[in-house]
file final20.cif (mmCIF, C-alpha atoms)
data_start
#
loop_
_atom_site.label_atom_id
_atom_site.label_comp_id
_atom_site.auth_asym_id
_atom_site.auth_seq_id
_atom_site.Cartn_x
_atom_site.Cartn_y
_atom_site.Cartn_z
CA MET A 1 -21.51 -8.08 8.58
CA ILE A 2 -18.97 -8.63 5.86
CA LEU A 3 -15.20 -8.56 6.19
CA GLY A 4 -13.07 -8.72 3.07
CA LYS A 5 -13.76 -7.58 -0.45
CA PRO A 6 -17.36 -6.40 -0.79
CA LEU A 7 -18.47 -8.79 -3.52
CA LEU A 8 -22.22 -8.15 -3.52
CA SER A 9 -22.29 -8.57 0.23
CA VAL A 10 -26.03 -8.08 0.56
CA GLN A 11 -26.64 -11.09 -1.66
CA VAL A 12 -24.14 -13.14 0.35
CA TYR A 13 -25.93 -12.27 3.59
CA ALA A 14 -29.42 -12.91 2.23
CA ALA A 15 -28.54 -16.18 0.55
CA HIS A 16 -27.36 -17.70 3.77
CA VAL A 17 -30.20 -16.71 6.09
CA HIS A 18 -32.17 -19.82 5.17
CA SER A 19 -29.48 -22.33 5.99
CA PHE A 20 -29.00 -21.59 9.70
CA ARG A 21 -28.74 -24.85 11.62
CA GLY A 22 -29.39 -23.63 15.13
CA ASP A 23 -26.09 -23.43 17.03
CA GLU A 24 -26.31 -20.15 18.93
CA ASN A 25 -22.64 -20.38 19.92
CA HIS A 26 -21.57 -20.44 16.28
CA ARG A 27 -23.79 -17.99 14.43
CA TYR A 28 -21.04 -16.85 12.09
CA ARG A 29 -19.88 -18.58 8.96
CA ALA A 30 -17.10 -17.83 6.48
CA ILE A 31 -18.00 -17.57 2.82
CA LYS A 32 -15.31 -18.38 0.30
CA ILE A 33 -16.18 -16.53 -2.89
CA LEU A 34 -14.43 -18.02 -5.90
CA THR A 35 -13.53 -15.83 -8.84
CA ALA A 36 -15.53 -16.13 -12.04
CA TYR A 37 -12.52 -17.89 -13.60
CA ALA A 38 -12.31 -20.47 -10.80
CA THR A 39 -16.07 -20.99 -10.98
CA LYS A 40 -15.80 -21.67 -14.71
CA ARG A 41 -12.97 -24.13 -14.03
CA HIS A 42 -15.26 -25.87 -11.52
CA HIS A 43 -18.03 -26.13 -14.10
CA GLU A 44 -15.55 -27.63 -16.57
CA GLY A 45 -14.39 -30.18 -13.97
CA HIS A 46 -10.81 -28.88 -13.71
CA LEU A 47 -11.16 -27.68 -10.11
CA LEU A 48 -12.71 -29.96 -7.52
CA GLU A 49 -13.01 -27.98 -4.31
CA LEU A 50 -16.79 -28.28 -4.05
CA LYS A 51 -16.71 -32.00 -4.84
CA ILE A 52 -13.91 -32.56 -2.30
CA LEU A 53 -15.79 -30.69 0.44
CA GLN A 54 -18.94 -32.68 -0.35
CA THR A 55 -16.92 -35.91 -0.11
CA ILE A 56 -15.49 -34.82 3.26
CA ASP A 57 -19.03 -34.01 4.40
CA THR A 58 -20.18 -37.58 3.75
CA ALA A 59 -17.29 -39.08 5.75
CA THR A 60 -18.12 -40.39 9.20
CA ASP A 61 -15.07 -38.81 10.81
CA LYS A 62 -14.53 -35.17 9.86
CA CYS A 63 -12.16 -34.17 12.68
CA ASN A 64 -9.55 -31.58 11.66
CA LEU A 65 -11.29 -30.98 8.33
CA PRO A 66 -13.77 -28.20 7.54
CA ARG A 67 -17.41 -29.14 7.03
CA LEU A 68 -19.24 -27.63 4.07
CA VAL A 69 -22.30 -25.88 5.50
CA ASP A 70 -23.81 -24.78 2.20
CA HIS A 71 -22.93 -23.58 -1.28
CA PHE A 72 -24.55 -21.35 -3.87
CA GLU A 73 -23.73 -19.25 -6.90
CA MET A 74 -24.29 -15.58 -7.53
CA ASP A 75 -23.81 -13.19 -10.42
CA GLY A 76 -21.12 -10.55 -10.34
CA PRO A 77 -19.79 -8.01 -12.82
CA HIS A 78 -17.34 -10.61 -14.19
CA GLY A 79 -19.74 -13.56 -14.31
CA ARG A 80 -20.94 -16.31 -11.95
CA HIS A 81 -19.25 -16.85 -8.59
CA LEU A 82 -19.37 -20.13 -6.70
CA CYS A 83 -19.65 -19.44 -2.95
CA LEU A 84 -18.72 -22.03 -0.34
CA VAL A 85 -20.15 -21.58 3.17
CA LEU A 86 -17.70 -22.93 5.73
CA PRO A 87 -17.04 -22.77 9.47
CA VAL A 88 -15.10 -19.73 10.65
CA LEU A 89 -11.48 -20.53 11.38
CA SER A 90 -9.09 -18.15 13.09
CA GLU A 91 -5.35 -17.71 12.85
CA THR A 92 -3.06 -19.64 10.51
CA VAL A 93 -0.07 -21.54 11.84
CA ASP A 94 2.12 -19.12 9.93
CA GLY A 95 0.54 -16.12 11.67
CA PHE A 96 0.82 -17.90 15.02
CA ARG A 97 4.53 -18.57 14.43
CA LEU A 98 5.20 -14.98 13.40
CA SER A 99 3.52 -13.72 16.58
CA ALA A 100 6.41 -15.18 18.61
CA PRO A 101 9.37 -12.78 19.15
CA SER A 102 11.78 -15.42 17.81
CA LYS A 103 9.46 -16.11 14.80
CA SER A 104 9.57 -19.77 15.75
CA LEU A 105 7.55 -22.12 17.94
CA GLU A 106 8.82 -24.40 20.66
CA PRO A 107 8.94 -28.17 19.96
CA ARG A 108 5.89 -29.13 22.05
CA LYS A 109 3.69 -26.76 20.01
CA VAL A 110 5.15 -27.98 16.72
CA LYS A 111 4.52 -31.58 17.81
CA ILE A 112 0.81 -30.89 18.44
CA ILE A 113 0.46 -29.02 15.13
CA ILE A 114 2.08 -31.86 13.16
CA SER A 115 -0.14 -34.37 14.95
CA GLU A 116 -3.28 -32.42 14.05
CA VAL A 117 -2.23 -32.13 10.39
CA GLY A 118 -1.39 -35.85 10.34
CA HIS A 119 -4.88 -36.73 11.60
CA ALA A 120 -6.43 -34.54 8.91
CA LEU A 121 -4.28 -36.13 6.21
CA ILE A 122 -5.20 -39.67 7.24
CA ARG A 123 -8.91 -38.83 6.94
CA LEU A 124 -8.35 -37.01 3.68
CA HIS A 125 -6.32 -39.80 2.13
CA ASP A 126 -8.89 -42.37 3.26
CA ALA A 127 -11.24 -40.54 0.87
CA ASN A 128 -8.59 -40.63 -1.92
CA ILE A 129 -8.14 -36.87 -1.73
CA ILE A 130 -4.79 -35.12 -1.73
CA HIS A 131 -4.12 -31.54 -0.71
CA ASN A 132 -2.19 -29.58 -3.32
CA GLY A 133 -0.81 -26.11 -2.80
CA GLU A 134 -2.66 -23.10 -4.06
CA HIS A 135 -0.50 -21.24 -6.53
CA ILE A 136 -3.08 -18.77 -7.83
CA LYS A 137 -5.41 -16.68 -5.73
CA PHE A 138 -8.84 -17.78 -6.86
CA ASN A 139 -11.00 -16.39 -4.12
CA ALA A 140 -11.93 -13.83 -1.53
CA TYR A 141 -13.32 -14.52 1.91
CA ALA A 142 -16.20 -12.84 3.67
CA LEU A 143 -17.54 -13.30 7.17
CA CYS A 144 -21.29 -13.69 7.42
CA MET A 145 -23.59 -13.56 10.43
CA ILE A 146 -26.51 -15.91 10.28
CA SER A 147 -29.96 -14.82 11.37
CA PRO A 148 -31.72 -17.07 13.87
CA PRO A 149 -34.39 -19.43 12.47
CA LYS A 150 -37.83 -17.93 12.08
CA MET B 1 -4.31 -50.47 -11.46
CA HIS B 2 -1.51 -48.01 -10.67
CA ASP B 3 -0.07 -47.28 -7.26
CA PHE B 4 1.34 -43.77 -7.29
CA THR B 5 2.07 -40.94 -4.91
CA PRO B 6 1.28 -37.48 -6.28
CA GLU B 7 2.81 -34.40 -4.71
CA ILE B 8 1.19 -33.28 -1.48
CA ASP B 9 1.68 -29.60 -0.76
CA ILE B 10 0.60 -28.26 2.61
CA GLN B 11 1.67 -24.82 3.67
CA ALA B 12 1.45 -23.23 7.12
CA ASN B 13 -1.21 -20.89 5.73
CA ASN B 14 -3.46 -23.90 5.04
CA VAL B 15 -3.54 -24.97 8.71
CA LEU B 16 -5.77 -22.84 10.92
CA PHE B 17 -6.88 -22.78 14.55
CA ILE B 18 -10.55 -23.30 15.30
CA GLY B 19 -10.46 -21.54 18.71
CA GLY B 20 -11.84 -18.02 19.09
CA THR B 21 -14.62 -18.37 16.52
CA GLY B 22 -17.66 -18.49 18.82
CA THR B 23 -20.46 -15.93 18.41
CA LYS B 24 -19.52 -13.87 21.46
CA THR B 25 -15.80 -13.80 20.65
CA ILE B 26 -16.38 -12.73 17.04
CA GLU B 27 -18.85 -10.03 18.06
CA GLU B 28 -16.35 -8.65 20.56
CA HIS B 29 -13.69 -8.71 17.85
CA LEU B 30 -15.94 -6.91 15.37
CA HIS B 31 -16.79 -4.32 18.03
CA ASP B 32 -13.13 -3.72 18.90
CA SER B 33 -11.91 -3.85 15.29
CA PRO B 34 -14.43 -2.20 12.98
CA GLN B 35 -14.06 -2.71 9.24
CA LYS B 36 -11.25 -0.69 7.68
CA ILE B 37 -11.42 0.67 4.16
CA HIS B 38 -8.14 0.21 2.31
CA GLY B 39 -9.06 2.02 -0.91
CA GLU B 40 -11.70 2.01 -3.60
CA PHE B 41 -12.18 1.04 -7.21
CA LYS B 42 -14.55 2.06 -9.95
CA LEU B 43 -16.48 -0.46 -11.99
CA LYS B 44 -19.03 0.41 -14.66
CA GLY B 45 -19.44 3.92 -13.28
CA SER B 46 -19.91 2.91 -9.63
CA CYS B 47 -17.39 3.25 -6.80
CA TYR B 48 -16.79 0.30 -4.48
CA PRO B 49 -14.68 0.26 -1.30
CA ILE B 50 -11.79 -2.19 -0.91
CA MET B 51 -11.87 -3.57 2.61
CA GLN B 52 -8.67 -4.35 4.48
CA SER B 53 -8.18 -7.99 5.37
CA GLN B 54 -8.75 -8.42 9.13
CA PRO B 55 -7.90 -11.99 10.20
CA ILE B 56 -9.64 -13.23 13.35
CA PRO B 57 -7.01 -13.71 16.07
CA SER B 58 -6.61 -17.11 17.68
CA SER B 59 -7.50 -17.52 21.34
CA PHE B 60 -4.08 -19.09 21.85
CA LEU B 61 -0.71 -17.39 22.38
CA TRP B 62 2.81 -18.34 21.34
CA SER B 63 3.68 -18.28 25.06
CA ASP B 64 0.98 -20.77 26.08
CA PRO B 65 2.09 -23.25 28.76
CA GLY B 66 2.09 -26.99 28.05
CA ILE B 67 -1.34 -27.63 29.53
CA THR B 68 -2.93 -25.16 27.07
CA VAL B 69 -1.06 -26.61 24.11
CA GLU B 70 -2.95 -29.85 24.64
CA LEU B 71 -6.16 -27.94 23.80
CA TYR B 72 -5.03 -26.89 20.33
CA ILE B 73 -7.44 -27.92 17.59
CA LEU B 74 -6.32 -27.19 14.04
CA TYR B 75 -8.05 -27.66 10.72
CA LEU B 76 -6.48 -28.40 7.39
CA ALA B 77 -8.25 -26.09 4.93
CA ASP B 78 -8.26 -24.80 1.37
CA PHE B 79 -8.79 -27.53 -1.19
CA GLY B 80 -8.72 -25.13 -4.14
CA CYS B 81 -6.10 -27.23 -5.94
CA GLY B 82 -6.99 -30.54 -4.28
CA LYS B 83 -7.21 -33.74 -6.31
CA GLN B 84 -9.49 -36.71 -5.88
CA TYR B 85 -8.61 -40.13 -7.24
CA PRO B 86 -10.76 -43.18 -7.93
CA PHE B 87 -10.85 -45.62 -5.04
CA GLY B 88 -7.74 -47.80 -4.86
CA GLN B 89 -5.56 -45.66 -7.14
CA TYR B 90 -3.99 -43.57 -4.42
CA ARG B 91 -1.60 -44.93 -1.79
CA SER B 92 -1.07 -42.46 1.01
CA PRO B 93 2.49 -41.87 2.30
CA VAL B 94 0.87 -40.98 5.65
CA HIS B 95 -0.48 -44.52 5.92
CA ARG B 96 2.90 -45.94 5.01
CA LEU B 97 4.42 -44.02 7.94
CA ALA B 98 1.67 -45.11 10.36
#

call {"tool": "encode", "arguments": {"input": "final20.cif", "output": "C-alpha coordinates"}}
result
Amino acid sequence: MILGKPLLSVQVYAAHVHSFRGDENHRYRAIKILTAYATKRHHEGHLLELKILQTIDTATDKCNLPRLVDHFEMDGPHGRHLCLVLPVLSETVDGFRLSAPSKSLEPRKVKIIISEVGHALIRLHDANIIHNGEHIKFNAYALCMISPPK
Amino acid sequence: MHDFTPEIDIQANNVLFIGGTGTKTIEEHLHDSPQKIHGEFKLKGSCYPIMQSQPIPSSFLWSDPGITVELYILYLADFGCGKQYPFGQYRSPVHRLA
(Lines of atoms letter the chains of each structure in order from A and count residues from 1; the text may use other names and numbers.)
(Lines give C-alpha, C1' and ligand atoms only; values in the text may rest on other atoms or scores of the structure.)
Protein backbone atom coordinates (compact mmCIF):
# COMPACT_ATOMS: atom_id res chain seq x y z
CA MET A 1 0.00 0.00 0.00
CA ILE A 2 1.42 3.33 -1.00
CA LEU A 3 0.29 6.75 0.15
CA GLY A 4 1.74 9.84 -1.49
CA LYS A 5 3.09 10.38 -4.96
CA PRO A 6 3.23 7.09 -6.87
CA LEU A 7 6.94 7.05 -7.64
CA LEU A 8 7.34 3.52 -8.99
CA SER A 9 5.48 2.16 -6.00
CA VAL A 10 5.79 -1.47 -7.01
CA GLN A 11 9.57 -1.20 -6.89
CA VAL A 12 9.38 0.49 -3.48
CA TYR A 13 7.22 -2.33 -2.13
CA ALA A 14 9.34 -5.11 -3.60
CA ALA A 15 12.65 -3.62 -2.53
CA HIS A 16 11.66 -3.60 1.09
CA VAL A 17 10.19 -7.08 1.43
CA HIS A 18 13.61 -8.54 2.23
CA SER A 19 14.43 -6.24 5.11
CA PHE A 20 11.56 -7.09 7.47
CA ARG A 21 12.89 -7.43 11.00
CA GLY A 22 10.04 -9.29 12.63
CA ASP A 23 7.99 -6.85 14.74
CA GLU A 24 4.38 -7.79 13.99
CA ASN A 25 3.11 -4.69 15.79
CA HIS A 26 5.05 -2.42 13.44
CA ARG A 27 4.77 -3.92 9.97
CA TYR A 28 4.61 -0.57 8.23
CA ARG A 29 7.52 1.65 7.33
CA ALA A 30 7.73 5.10 5.75
CA ILE A 31 9.90 5.51 2.68
CA LYS A 32 11.37 8.92 2.04
CA ILE A 33 12.02 9.16 -1.69
CA LEU A 34 14.53 11.88 -2.50
CA THR A 35 14.35 13.69 -5.81
CA ALA A 36 16.94 12.93 -8.48
CA TYR A 37 18.50 16.33 -7.74
CA ALA A 38 18.80 15.62 -4.00
CA THR A 39 20.20 12.17 -4.75
CA LYS A 40 22.86 13.73 -6.99
CA ARG A 41 23.69 16.22 -4.21
CA HIS A 42 24.10 13.24 -1.85
CA HIS A 43 26.47 11.53 -4.27
CA GLU A 44 28.50 14.75 -4.50
CA GLY A 45 28.67 15.01 -0.70
CA HIS A 46 26.66 18.24 -0.42
CA LEU A 47 23.70 16.64 1.36
CA LEU A 48 24.32 14.35 4.31
CA GLU A 49 20.96 12.90 5.33
CA LEU A 50 21.93 9.27 4.75
CA LYS A 51 25.26 9.71 6.55
CA ILE A 52 23.54 11.48 9.46
CA LEU A 53 20.93 8.72 9.81
CA GLN A 54 23.67 6.09 9.70
CA THR A 55 25.55 7.97 12.43
CA ILE A 56 22.39 8.12 14.57
CA ASP A 57 21.92 4.39 13.99
CA THR A 58 25.34 3.62 15.49
CA ALA A 59 24.65 5.68 18.63
CA THR A 60 23.82 3.74 21.76
CA ASP A 61 20.94 6.00 22.72
CA LYS A 62 18.55 6.75 19.86
CA CYS A 63 15.56 7.97 21.88
CA ASN A 64 13.54 10.72 20.16
CA LEU A 65 15.44 10.22 16.90
CA PRO A 66 14.35 8.10 13.93
CA ARG A 67 16.23 4.89 13.24
CA LEU A 68 17.24 4.15 9.65
CA VAL A 69 15.76 0.74 8.81
CA ASP A 70 17.21 0.44 5.33
CA HIS A 71 18.12 2.45 2.24
CA PHE A 72 18.30 1.77 -1.47
CA GLU A 73 18.27 3.53 -4.81
CA MET A 74 15.93 3.14 -7.74
CA ASP A 75 15.67 4.53 -11.25
CA GLY A 76 12.94 6.96 -12.18
CA PRO A 77 12.12 9.01 -15.26
CA HIS A 78 14.36 11.84 -14.00
CA GLY A 79 17.28 9.71 -12.83
CA ARG A 80 18.30 7.83 -9.67
CA HIS A 81 16.34 8.27 -6.43
CA LEU A 82 17.80 7.57 -3.01
CA CYS A 83 15.13 6.00 -0.77
CA LEU A 84 15.37 6.03 3.01
CA VAL A 85 13.30 3.47 4.93
CA LEU A 86 12.26 4.91 8.28
CA PRO A 87 9.78 4.24 11.08
CA VAL A 88 6.28 5.57 10.50
CA LEU A 89 5.61 8.74 12.46
CA SER A 90 2.20 10.32 12.81
CA GLU A 91 1.12 13.91 13.32
CA THR A 92 3.44 16.91 13.40
CA VAL A 93 3.43 19.30 16.34
CA ASP A 94 2.16 21.96 13.96
CA GLY A 95 -0.81 19.81 12.94
CA PHE A 96 -1.47 18.96 16.58
CA ARG A 97 -1.48 22.65 17.52
CA LEU A 98 -3.81 23.55 14.65
CA SER A 99 -6.26 20.84 15.76
CA ALA A 100 -7.01 22.89 18.90
CA PRO A 101 -9.88 25.42 18.53
CA SER A 102 -7.62 28.21 19.83
CA LYS A 103 -4.78 27.09 17.48
CA SER A 104 -2.52 26.95 20.52
CA LEU A 105 -1.51 24.35 23.10
CA GLU A 106 -1.65 24.67 26.85
CA PRO A 107 1.65 25.11 28.75
CA ARG A 108 1.88 21.54 30.12
CA LYS A 109 1.77 20.13 26.57
CA VAL A 110 4.30 22.67 25.30
CA LYS A 111 6.59 21.78 28.22
CA ILE A 112 6.57 18.07 27.31
CA ILE A 113 7.15 18.84 23.61
CA ILE A 114 10.12 21.11 24.38
CA SER A 115 11.54 18.47 26.72
CA GLU A 116 11.30 15.79 24.03
CA VAL A 117 12.98 18.03 21.44
CA GLY A 118 15.69 18.93 23.97
CA HIS A 119 16.45 15.24 24.57
CA ALA A 120 16.71 14.66 20.82
CA LEU A 121 19.01 17.64 20.39
CA ILE A 122 21.37 16.52 23.16
CA ARG A 123 21.77 13.12 21.47
CA LEU A 124 22.14 14.73 18.07
CA HIS A 125 24.74 17.24 19.22
CA ASP A 126 26.67 14.49 21.02
CA ALA A 127 27.21 13.07 17.52
CA ASN A 128 28.30 16.53 16.21
CA ILE A 129 25.17 16.79 14.08
CA ILE A 130 23.02 19.89 13.81
CA HIS A 131 19.49 20.08 12.46
CA ASN A 132 19.06 22.75 9.81
CA GLY A 133 15.74 23.78 8.34
CA GLU A 134 14.59 22.41 5.04
CA HIS A 135 14.10 25.25 2.60
CA ILE A 136 13.56 23.22 -0.56
CA LYS A 137 11.26 20.25 -0.94
CA PHE A 138 13.59 17.45 -1.94
CA ASN A 139 11.40 14.45 -1.37
CA ALA A 140 8.13 12.62 -1.33
CA TYR A 141 6.97 10.14 1.27
CA ALA A 142 5.31 6.79 0.77
CA LEU A 143 3.93 4.34 3.27
CA CYS A 144 4.97 0.74 2.76
CA MET A 145 3.64 -2.46 4.29
CA ILE A 146 6.24 -5.09 4.92
CA SER A 147 5.57 -8.73 4.16
CA PRO A 148 6.26 -11.20 6.97
CA PRO A 149 9.53 -13.16 6.76
CA LYS A 150 9.42 -16.28 4.65
CA MET B 1 40.51 24.08 16.55
CA HIS B 2 37.48 26.37 16.28
CA ASP B 3 34.57 26.53 18.67
CA PHE B 4 31.54 27.78 16.78
CA THR B 5 27.77 27.57 16.91
CA PRO B 6 26.09 27.22 13.52
CA GLU B 7 22.42 28.03 13.11
CA ILE B 8 20.04 25.37 14.35
CA ASP B 9 16.65 25.49 12.67
CA ILE B 10 13.89 23.28 14.01
CA GLN B 11 10.35 23.83 12.88
CA ALA B 12 7.15 22.40 14.34
CA ASN B 13 6.79 20.33 11.17
CA ASN B 14 10.05 18.53 12.00
CA VAL B 15 8.74 17.21 15.33
CA LEU B 16 6.32 14.30 15.04
CA PHE B 17 4.40 12.01 17.38
CA ILE B 18 5.23 8.31 17.33
CA GLY B 19 1.84 7.18 18.72
CA GLY B 20 -0.77 5.67 16.42
CA THR B 21 1.66 3.96 14.06
CA GLY B 22 1.12 0.32 15.05
CA THR B 23 0.05 -2.23 12.42
CA LYS B 24 -3.56 -2.45 13.58
CA THR B 25 -4.03 1.32 13.89
CA ILE B 26 -2.59 1.99 10.43
CA GLU B 27 -4.70 -0.74 8.84
CA GLU B 28 -7.83 0.71 10.42
CA HIS B 29 -6.82 4.15 9.16
CA LEU B 30 -6.22 2.85 5.63
CA HIS B 31 -9.58 1.07 5.72
CA ASP B 32 -11.42 4.18 6.90
CA SER B 33 -9.48 6.58 4.66
CA PRO B 34 -8.81 4.98 1.28
CA GLN B 35 -6.31 6.63 -1.04
CA LYS B 36 -7.62 9.76 -2.74
CA ILE B 37 -6.56 10.78 -6.23
CA HIS B 38 -5.89 14.51 -6.46
CA GLY B 39 -5.18 14.71 -10.19
CA GLU B 40 -2.96 13.18 -12.82
CA PHE B 41 0.02 13.99 -14.96
CA LYS B 42 1.40 12.69 -18.22
CA LEU B 43 5.01 11.64 -18.60
CA LYS B 44 6.51 10.16 -21.75
CA GLY B 45 3.08 9.22 -23.06
CA SER B 46 1.83 7.54 -19.88
CA CYS B 47 -0.69 8.91 -17.39
CA TYR B 48 0.08 8.74 -13.67
CA PRO B 49 -2.26 9.62 -10.78
CA ILE B 50 -1.28 12.25 -8.21
CA MET B 51 -2.26 11.00 -4.79
CA GLN B 52 -3.51 13.37 -2.11
CA SER B 53 -1.34 13.61 0.97
CA GLN B 54 -3.08 11.79 3.84
CA PRO B 55 -1.15 12.29 7.10
CA ILE B 56 -1.62 9.61 9.75
CA PRO B 57 -3.48 11.14 12.71
CA SER B 58 -1.89 11.04 16.14
CA SER B 59 -3.52 8.95 18.85
CA PHE B 60 -3.41 12.02 21.08
CA LEU B 61 -5.83 14.96 21.25
CA TRP B 62 -5.32 18.65 21.98
CA SER B 63 -7.76 18.17 24.89
CA ASP B 64 -5.80 15.34 26.53
CA PRO B 65 -5.71 15.52 30.33
CA GLY B 66 -2.40 15.85 32.18
CA ILE B 67 -1.97 12.14 32.81
CA THR B 68 -2.06 11.45 29.04
CA VAL B 69 0.36 14.26 28.27
CA GLU B 70 3.00 12.37 30.23
CA LEU B 71 2.78 9.61 27.60
CA TYR B 72 3.74 11.84 24.67
CA ILE B 73 6.72 10.56 22.71
CA LEU B 74 7.98 12.81 19.94
CA TYR B 75 10.71 12.35 17.37
CA LEU B 76 12.87 14.99 15.80
CA ALA B 77 12.94 14.12 12.09
CA ASP B 78 14.03 15.32 8.67
CA PHE B 79 17.78 15.77 8.39
CA GLY B 80 17.64 16.80 4.73
CA CYS B 81 19.70 19.93 5.41
CA GLY B 82 21.51 18.60 8.49
CA LYS B 83 25.22 19.18 8.98
CA GLN B 84 27.81 16.95 10.60
CA TYR B 85 31.04 18.33 12.00
CA PRO B 86 34.32 16.63 12.87
CA PHE B 87 34.53 15.60 16.51
CA GLY B 88 35.37 18.51 18.82
CA GLN B 89 34.54 21.29 16.34
CA TYR B 90 30.95 21.78 17.40
CA ARG B 91 29.90 23.14 20.79
CA SER B 92 26.21 22.61 21.41
CA PRO B 93 24.16 25.49 22.88
CA VAL B 94 21.88 22.79 24.36
CA HIS B 95 24.78 21.51 26.45
CA ARG B 96 25.61 25.03 27.55
CA LEU B 97 22.05 25.40 28.86
CA ALA B 98 22.11 22.01 30.62

call {"tool": "resolve_selection", "arguments": {"input": "final20.cif", "expression": "the PyMOL selection byres ((chain B) within 7 of (chain A))", "output": "mmCIF file with C-alpha atoms, in the coordinates of the input"}}
result
data_model
loop_
_atom_site.group_PDB
_atom_site.id
_atom_site.type_symbol
_atom_site.label_atom_id
_atom_site.label_comp_id
_atom_site.auth_asym_id
_atom_site.auth_seq_id
_atom_site.Cartn_x
_atom_site.Cartn_y
_atom_site.Cartn_z
ATOM 1 C CA ILE B 8 1.190 -33.280 -1.480
ATOM 2 C CA ASP B 9 1.680 -29.600 -0.760
ATOM 3 C CA ILE B 10 0.600 -28.260 2.610
ATOM 4 C CA ALA B 12 1.450 -23.230 7.120
ATOM 5 C CA ASN B 13 -1.210 -20.890 5.730
ATOM 6 C CA ASN B 14 -3.460 -23.900 5.040
ATOM 7 C CA VAL B 15 -3.540 -24.970 8.710
ATOM 8 C CA LEU B 16 -5.770 -22.840 10.920
ATOM 9 C CA PHE B 17 -6.880 -22.780 14.550
ATOM 10 C CA ILE B 18 -10.550 -23.300 15.300
ATOM 11 C CA GLY B 19 -10.460 -21.540 18.710
ATOM 12 C CA GLY B 20 -11.840 -18.020 19.090
ATOM 13 C CA THR B 21 -14.620 -18.370 16.520
ATOM 14 C CA GLY B 22 -17.660 -18.490 18.820
ATOM 15 C CA THR B 23 -20.460 -15.930 18.410
ATOM 16 C CA GLN B 35 -14.060 -2.710 9.240
ATOM 17 C CA ILE B 50 -11.790 -2.190 -0.910
ATOM 18 C CA MET B 51 -11.870 -3.570 2.610
ATOM 19 C CA GLN B 52 -8.670 -4.350 4.480
ATOM 20 C CA SER B 53 -8.180 -7.990 5.370
ATOM 21 C CA PRO B 55 -7.900 -11.990 10.200
ATOM 22 C CA ILE B 56 -9.640 -13.230 13.350
ATOM 23 C CA PRO B 57 -7.010 -13.710 16.070
ATOM 24 C CA SER B 58 -6.610 -17.110 17.680
ATOM 25 C CA TRP B 62 2.810 -18.340 21.340
ATOM 26 C CA VAL B 69 -1.060 -26.610 24.110
ATOM 27 C CA LEU B 74 -6.320 -27.190 14.040
ATOM 28 C CA TYR B 75 -8.050 -27.660 10.720
ATOM 29 C CA LEU B 76 -6.480 -28.400 7.390
ATOM 30 C CA ALA B 77 -8.250 -26.090 4.930
ATOM 31 C CA PHE B 79 -8.790 -27.530 -1.190
ATOM 32 C CA GLY B 80 -8.720 -25.130 -4.140
ATOM 33 C CA CYS B 81 -6.100 -27.230 -5.940
ATOM 34 C CA GLY B 82 -6.990 -30.540 -4.280
ATOM 35 C CA LYS B 83 -7.210 -33.740 -6.310
ATOM 36 C CA GLN B 84 -9.490 -36.710 -5.880
ATOM 37 C CA TYR B 85 -8.610 -40.130 -7.240
ATOM 38 C CA PRO B 86 -10.760 -43.180 -7.930
ATOM 39 C CA PHE B 87 -10.850 -45.620 -5.040
ATOM 40 C CA TYR B 90 -3.990 -43.570 -4.420
ATOM 41 C CA SER B 92 -1.070 -42.460 1.010
ATOM 42 C CA VAL B 94 0.870 -40.980 5.650
ATOM 43 C CA HIS B 95 -0.480 -44.520 5.920
#

call {"tool": "atom_distance", "arguments": {"input": "final20.cif", "atom1": "CA of Thr68 (chain B)", "atom2": "CA of His31 (chain B)"}}
result
26.6 Å

call {"tool": "atom_distance", "arguments": {"input": "final20.cif", "atom1": "CA of Leu71 (chain B)", "atom2": "CA of Glu28 (chain B)"}}
result
22.1 Å

call {"tool": "atom_distance", "arguments": {"input": "final20.cif", "atom1": "CA of Lys24 (chain B)", "atom2": "CA of His38 (chain B)"}}
result
26.4 Å
